[in-house]
Amino acid sequence: MFFDTLRFLIHTLSGLFVLVLLLRFYLQVARAPFKHPLCQFVMAATNFAVLPMRKLVPAMRGYDSATMLLAWLISLLANVLVTLLSSVPEVFTFPQVWVALSLLSLLEVFKQSLTLLMGSVIVQAVLSWVSPYNPLMPVLDALTRPFLRPFRKANIGGVDLSPLVLFLIIQVILMLPVRMLEASFLTQLKVVL
């Protein structure tokens, strides 16, 4: 019972931090208005880890690779800690364990990215109905516009259905290829453990 609680805390805290790091990365990619309080919070919450990492990892093609690498490392650390709680430390001498944990962490970052996009689409859709001039709308629009643009023709009777189409596509991606990859990586890990 204690180890289950510890696993839950590790996954939850690391997942939240990875989500904030990914939000920072995607806000920079989308060139969101950084004077918004949400953007200011994201920067303040992650600067302690990102700024030192930037000294070691330069930007690649204008993208903040240090932030993305940090998100992956946090996810990897969480997976290593959870594995340590479940098995003996000697399993880390097997390269297969490191490969499986690395790939699982990369997949986790991808899943968190899709979750972030899905949450942004849902919040944007709800706000467009109840508060279309909310100050959060420009930030959400910057995050979701490139993904919604291909589906903007899904318009029936003046109602934009592009968020629904994108939401369904994200769900299918999470249900099929992501789950299959995750099961494969976990199977590789369980074979060694």
# chains A, B, ... in the order shown; residues from 1 in each chain; ligands from 1
$ residues_around --residues "Leu77 in chain A" --least-positions-apart "4" --cutoff "9 Å" --atoms "only C-alpha atoms" --output "list in words"
Ser14, Trp72, Leu73, Leu81, Val82 and Ser105 of chain A
$ write_last_selection --atoms "N, CA and C atoms" --output "PDB file, in the first residue's frame"
ATOM      1  N   SER A  14       5.817  14.057 -11.296  1.00  0.00           N
ATOM      2  CA  SER A  14       6.653  14.142 -12.508  1.00  0.00           C
ATOM      3  C   SER A  14       5.796  14.473 -13.725  1.00  0.00           C
ATOM      4  N   TRP A  72      11.917  14.916 -21.043  1.00  0.00           N
ATOM      5  CA  TRP A  72      12.209  13.488 -21.212  1.00  0.00           C
ATOM      6  C   TRP A  72      12.999  12.949 -20.018  1.00  0.00           C
ATOM      7  N   LEU A  73      13.974  13.709 -19.533  1.00  0.00           N
ATOM      8  CA  LEU A  73      14.780  13.260 -18.388  1.00  0.00           C
ATOM      9  C   LEU A  73      13.940  13.119 -17.120  1.00  0.00           C
ATOM     10  N   LEU A  81      12.657   5.462 -10.927  1.00  0.00           N
ATOM     11  CA  LEU A  81      12.262   5.365  -9.513  1.00  0.00           C
ATOM     12  C   LEU A  81      11.146   4.349  -9.307  1.00  0.00           C
ATOM     13  N   VAL A  82      10.169   4.351 -10.196  1.00  0.00           N
ATOM     14  CA  VAL A  82       9.071   3.385 -10.076  1.00  0.00           C
ATOM     15  C   VAL A  82       9.591   1.967 -10.286  1.00  0.00           C
ATOM     16  N   SER A 105       9.761   6.490 -21.648  1.00  0.00           N
ATOM     17  CA  SER A 105       9.773   7.902 -21.258  1.00  0.00           C
ATOM     18  C   SER A 105       9.494   8.804 -22.457  1.00  0.00           C
TER      19      SER A 105
END
$ residues_around --residues "Ser162 in chain A" --least-positions-apart "5" --cutoff "6 Å" --atoms "only C-alpha atoms" --output "ChimeraX atom specification"
/A:148,151-152,154
$ write_last_selection --atoms "all heavy atoms" --output "PDB file, in the first residue's frame"
ATOM      1  N   LEU A 148      -5.848  22.714 -35.690  1.00  0.00           N
ATOM      2  CA  LEU A 148      -7.253  22.827 -36.088  1.00  0.00           C
ATOM      3  C   LEU A 148      -7.412  23.266 -37.545  1.00  0.00           C
ATOM      4  O   LEU A 148      -8.437  22.979 -38.174  1.00  0.00           O
ATOM      5  CB  LEU A 148      -7.976  23.820 -35.179  1.00  0.00           C
ATOM      6  CG  LEU A 148      -8.196  23.372 -33.740  1.00  0.00           C
ATOM      7  CD1 LEU A 148      -8.762  24.506 -32.911  1.00  0.00           C
ATOM      8  CD2 LEU A 148      -9.114  22.170 -33.688  1.00  0.00           C
ATOM      9  N   PHE A 151      -8.837  21.081 -40.355  1.00  0.00           N
ATOM     10  CA  PHE A 151     -10.204  20.588 -40.179  1.00  0.00           C
ATOM     11  C   PHE A 151     -11.236  21.713 -40.143  1.00  0.00           C
ATOM     12  O   PHE A 151     -12.396  21.481 -39.833  1.00  0.00           O
ATOM     13  CB  PHE A 151     -10.299  19.765 -38.891  1.00  0.00           C
ATOM     14  CG  PHE A 151      -9.245  18.718 -38.779  1.00  0.00           C
ATOM     15  CD1 PHE A 151      -8.230  18.836 -37.840  1.00  0.00           C
ATOM     16  CD2 PHE A 151      -9.227  17.632 -39.631  1.00  0.00           C
ATOM     17  CE1 PHE A 151      -7.234  17.878 -37.743  1.00  0.00           C
ATOM     18  CE2 PHE A 151      -8.233  16.675 -39.555  1.00  0.00           C
ATOM     19  CZ  PHE A 151      -7.233  16.797 -38.603  1.00  0.00           C
ATOM     20  N   ARG A 152     -10.837  22.934 -40.466  1.00  0.00           N
ATOM     21  CA  ARG A 152     -11.747  24.091 -40.394  1.00  0.00           C
ATOM     22  C   ARG A 152     -12.936  23.976 -41.343  1.00  0.00           C
ATOM     23  O   ARG A 152     -13.941  24.642 -41.142  1.00  0.00           O
ATOM     24  CB  ARG A 152     -10.997  25.394 -40.672  1.00  0.00           C
ATOM     25  CG  ARG A 152     -10.123  25.838 -39.549  1.00  0.00           C
ATOM     26  CD  ARG A 152     -10.937  26.339 -38.385  1.00  0.00           C
ATOM     27  NE  ARG A 152     -10.026  26.812 -37.347  1.00  0.00           N
ATOM     28  CZ  ARG A 152     -10.353  26.908 -36.093  1.00  0.00           C
ATOM     29  NH1 ARG A 152     -11.546  26.584 -35.682  1.00  0.00           N
ATOM     30  NH2 ARG A 152      -9.470  27.324 -35.207  1.00  0.00           N
ATOM     31  N   ALA A 154     -14.805  21.529 -41.507  1.00  0.00           N
ATOM     32  CA  ALA A 154     -15.839  20.754 -40.815  1.00  0.00           C
ATOM     33  C   ALA A 154     -16.762  21.738 -40.096  1.00  0.00           C
ATOM     34  O   ALA A 154     -16.709  21.929 -38.888  1.00  0.00           O
ATOM     35  CB  ALA A 154     -15.207  19.781 -39.834  1.00  0.00           C
TER      36      ALA A 154
END
$ closest_atom_pairs --of "range 128-185 of chain A" --to "range 107-119 of chain A" --cutoff "8 Å" --atoms "only C-alpha atoms" --output "tab-separated table"
residue	atom	partner	partner_atom	distance
A:Leu143	CA	A:Leu117	CA	7.5
A:Thr144	CA	A:Leu117	CA	6.9
A:Phe167	CA	A:Met118	CA	6.2
A:Ile170	CA	A:Leu114	CA	6.7
A:Leu174	CA	A:Lys111	CA	7.2
A:Val178	CA	A:Leu107	CA	7.4
A:Leu181	CA	A:Leu107	CA	8.0
A:Glu182	CA	A:Leu107	CA	7.3
$ residues_around --residues "Pro138 in chain A" --least-positions-apart "2" --cutoff "12 Å" --atoms "only C-alpha atoms" --output "PDB file with N, CA, C and O atoms, in the first residue's frame"
ATOM      1  N   LEU A  27       4.417  26.789 -26.075  1.00  0.00           N
ATOM      2  CA  LEU A  27       4.116  28.224 -26.079  1.00  0.00           C
ATOM      3  C   LEU A  27       5.197  28.993 -26.846  1.00  0.00           C
ATOM      4  O   LEU A  27       4.900  29.948 -27.562  1.00  0.00           O
ATOM      5  N   ALA A  30       4.709  28.196 -30.587  1.00  0.00           N
ATOM      6  CA  ALA A  30       3.529  28.878 -31.120  1.00  0.00           C
ATOM      7  C   ALA A  30       3.654  30.397 -31.063  1.00  0.00           C
ATOM      8  O   ALA A  30       2.776  31.095 -31.554  1.00  0.00           O
ATOM      9  N   ARG A  31       4.721  30.877 -30.452  1.00  0.00           N
ATOM     10  CA  ARG A  31       4.914  32.316 -30.275  1.00  0.00           C
ATOM     11  C   ARG A  31       3.706  32.963 -29.602  1.00  0.00           C
ATOM     12  O   ARG A  31       3.161  33.974 -30.057  1.00  0.00           O
ATOM     13  N   ALA A  32       3.281  32.328 -28.521  1.00  0.00           N
ATOM     14  CA  ALA A  32       2.142  32.830 -27.748  1.00  0.00           C
ATOM     15  C   ALA A  32       2.524  34.140 -27.061  1.00  0.00           C
ATOM     16  O   ALA A  32       3.705  34.396 -26.818  1.00  0.00           O
ATOM     17  N   PRO A  33       1.546  34.966 -26.747  1.00  0.00           N
ATOM     18  CA  PRO A  33       1.842  36.240 -26.080  1.00  0.00           C
ATOM     19  C   PRO A  33       2.373  35.999 -24.661  1.00  0.00           C
ATOM     20  O   PRO A  33       1.633  35.571 -23.781  1.00  0.00           O
ATOM     21  N   PHE A  34       3.647  36.277 -24.446  1.00  0.00           N
ATOM     22  CA  PHE A  34       4.280  35.928 -23.176  1.00  0.00           C
ATOM     23  C   PHE A  34       3.975  36.900 -22.046  1.00  0.00           C
ATOM     24  O   PHE A  34       4.430  36.712 -20.937  1.00  0.00           O
ATOM     25  N   LYS A  35       3.197  37.930 -22.315  1.00  0.00           N
ATOM     26  CA  LYS A  35       2.811  38.829 -21.229  1.00  0.00           C
ATOM     27  C   LYS A  35       1.593  38.311 -20.484  1.00  0.00           C
ATOM     28  O   LYS A  35       1.199  38.857 -19.475  1.00  0.00           O
ATOM     29  N   HIS A  36       0.990  37.243 -20.994  1.00  0.00           N
ATOM     30  CA  HIS A  36      -0.181  36.657 -20.343  1.00  0.00           C
ATOM     31  C   HIS A  36       0.237  36.013 -19.019  1.00  0.00           C
ATOM     32  O   HIS A  36       1.313  35.410 -18.930  1.00  0.00           O
ATOM     33  N   LEU A  38      -0.621  33.267 -17.591  1.00  0.00           N
ATOM     34  CA  LEU A  38      -0.339  31.833 -17.709  1.00  0.00           C
ATOM     35  C   LEU A  38       1.079  31.614 -18.216  1.00  0.00           C
ATOM     36  O   LEU A  38       1.819  30.782 -17.680  1.00  0.00           O
ATOM     37  N   CYS A  39       1.468  32.359 -19.212  1.00  0.00           N
ATOM     38  CA  CYS A  39       2.824  32.239 -19.757  1.00  0.00           C
ATOM     39  C   CYS A  39       3.861  32.648 -18.722  1.00  0.00           C
ATOM     40  O   CYS A  39       4.912  32.012 -18.586  1.00  0.00           O
ATOM     41  N   SER A 120      -6.189  21.793 -24.314  1.00  0.00           N
ATOM     42  CA  SER A 120      -6.267  23.136 -24.890  1.00  0.00           C
ATOM     43  C   SER A 120      -7.459  23.265 -25.827  1.00  0.00           C
ATOM     44  O   SER A 120      -8.162  24.282 -25.817  1.00  0.00           O
ATOM     45  N   GLN A 124     -10.583  25.707 -25.070  1.00  0.00           N
ATOM     46  CA  GLN A 124     -10.863  26.719 -26.082  1.00  0.00           C
ATOM     47  C   GLN A 124     -12.299  26.602 -26.597  1.00  0.00           C
ATOM     48  O   GLN A 124     -12.983  27.619 -26.781  1.00  0.00           O
ATOM     49  N   LEU A 127     -14.670  27.849 -23.816  1.00  0.00           N
ATOM     50  CA  LEU A 127     -14.583  29.305 -23.676  1.00  0.00           C
ATOM     51  C   LEU A 127     -15.191  30.029 -24.880  1.00  0.00           C
ATOM     52  O   LEU A 127     -15.749  31.121 -24.719  1.00  0.00           O
ATOM     53  N   SER A 128     -15.110  29.440 -26.069  1.00  0.00           N
ATOM     54  CA  SER A 128     -15.685  30.092 -27.242  1.00  0.00           C
ATOM     55  C   SER A 128     -17.205  30.207 -27.124  1.00  0.00           C
ATOM     56  O   SER A 128     -17.816  31.080 -27.725  1.00  0.00           O
ATOM     57  N   PRO A 132     -16.158  34.182 -25.137  1.00  0.00           N
ATOM     58  CA  PRO A 132     -15.291  34.234 -26.318  1.00  0.00           C
ATOM     59  C   PRO A 132     -14.191  35.294 -26.252  1.00  0.00           C
ATOM     60  O   PRO A 132     -13.215  35.204 -26.983  1.00  0.00           O
ATOM     61  N   TYR A 133     -14.334  36.280 -25.391  1.00  0.00           N
ATOM     62  CA  TYR A 133     -13.324  37.339 -25.299  1.00  0.00           C
ATOM     63  C   TYR A 133     -12.456  37.190 -24.051  1.00  0.00           C
ATOM     64  O   TYR A 133     -11.830  38.140 -23.608  1.00  0.00           O
ATOM     65  N   ASN A 134     -12.394  35.988 -23.535  1.00  0.00           N
ATOM     66  CA  ASN A 134     -11.564  35.701 -22.372  1.00  0.00           C
ATOM     67  C   ASN A 134     -10.099  35.961 -22.719  1.00  0.00           C
ATOM     68  O   ASN A 134      -9.653  35.622 -23.815  1.00  0.00           O
ATOM     69  N   PRO A 135      -9.317  36.523 -21.794  1.00  0.00           N
ATOM     70  CA  PRO A 135      -7.903  36.807 -22.089  1.00  0.00           C
ATOM     71  C   PRO A 135      -7.060  35.566 -22.376  1.00  0.00           C
ATOM     72  O   PRO A 135      -5.967  35.671 -22.932  1.00  0.00           O
ATOM     73  N   LEU A 136      -7.573  34.398 -22.024  1.00  0.00           N
ATOM     74  CA  LEU A 136      -6.839  33.158 -22.292  1.00  0.00           C
ATOM     75  C   LEU A 136      -6.972  32.714 -23.757  1.00  0.00           C
ATOM     76  O   LEU A 136      -6.152  31.934 -24.243  1.00  0.00           O
ATOM     77  N   LEU A 140      -4.596  30.092 -26.128  1.00  0.00           N
ATOM     78  CA  LEU A 140      -5.140  28.820 -26.607  1.00  0.00           C
ATOM     79  C   LEU A 140      -5.172  28.777 -28.134  1.00  0.00           C
ATOM     80  O   LEU A 140      -4.881  27.741 -28.741  1.00  0.00           O
ATOM     81  N   ASP A 141      -5.515  29.892 -28.745  1.00  0.00           N
ATOM     82  CA  ASP A 141      -5.537  29.944 -30.205  1.00  0.00           C
ATOM     83  C   ASP A 141      -4.147  29.712 -30.785  1.00  0.00           C
ATOM     84  O   ASP A 141      -3.990  28.993 -31.779  1.00  0.00           O
ATOM     85  N   ALA A 142      -3.141  30.300 -30.155  1.00  0.00           N
ATOM     86  CA  ALA A 142      -1.765  30.104 -30.631  1.00  0.00           C
ATOM     87  C   ALA A 142      -1.356  28.630 -30.526  1.00  0.00           C
ATOM     88  O   ALA A 142      -0.664  28.109 -31.408  1.00  0.00           O
ATOM     89  N   LEU A 143      -1.799  27.957 -29.481  1.00  0.00           N
ATOM     90  CA  LEU A 143      -1.441  26.548 -29.289  1.00  0.00           C
ATOM     91  C   LEU A 143      -2.187  25.614 -30.249  1.00  0.00           C
ATOM     92  O   LEU A 143      -1.632  24.626 -30.722  1.00  0.00           O
ATOM     93  N   THR A 144      -3.451  25.915 -30.511  1.00  0.00           N
ATOM     94  CA  THR A 144      -4.281  24.957 -31.246  1.00  0.00           C
ATOM     95  C   THR A 144      -4.441  25.266 -32.734  1.00  0.00           C
ATOM     96  O   THR A 144      -4.783  24.376 -33.505  1.00  0.00           O
ATOM     97  N   ARG A 145      -4.213  26.493 -33.145  1.00  0.00           N
ATOM     98  CA  ARG A 145      -4.466  26.902 -34.534  1.00  0.00           C
ATOM     99  C   ARG A 145      -3.810  25.986 -35.569  1.00  0.00           C
ATOM    100  O   ARG A 145      -4.476  25.550 -36.521  1.00  0.00           O
TER     101      ARG A 145
END
$ closest_residue --among "A:Leu9, A:Leu70, A:Trp129, A:Ser75" --to "Val159 in chain A" --atoms "only C-alpha atoms"
A:Trp129
$ select_by_dssp --residues "chain A" --states "strand (DSSP E)" --output "ChimeraX atom specification"
/A:155-156,159-160
$ write_last_selection --atoms "C-alpha atoms" --output "PDB file, in the first residue's frame"
ATOM      1  CA  ASN A 155     -18.499  23.418 -40.394  1.00  0.00           C
ATOM      2  CA  ILE A 156     -22.175  22.504 -40.239  1.00  0.00           C
ATOM      3  CA  VAL A 159     -20.989  25.458 -35.998  1.00  0.00           C
ATOM      4  CA  ASP A 160     -17.257  24.741 -36.176  1.00  0.00           C
TER       5      ASP A 160
END
$ residues_around --residues "Leu84 in chain A" --least-positions-apart "2" --cutoff "12 Å" --atoms "only C-alpha atoms" --output "list in words"
Phe3, Leu6, Arg7, Ile10, Leu77, Ala78, Asn79, Val80, Leu81, Val82, Ser86, Ser87, Val88, Pro89, Glu90, Val91, Phe92, Val97, Leu101 and Leu193 of chain A
$ closest_residue --among "A:Leu104, A:Leu22, A:Met180, A:Lys153" --to "Thr83 in chain A" --atoms "only C-alpha atoms"
A:Leu104
$ select_by_dssp --residues "range 57-170 of chain A" --states "alpha helix (DSSP H)" --output "PyMOL selection string"
chain A and resi 65-86+95-130+137-148+162-170
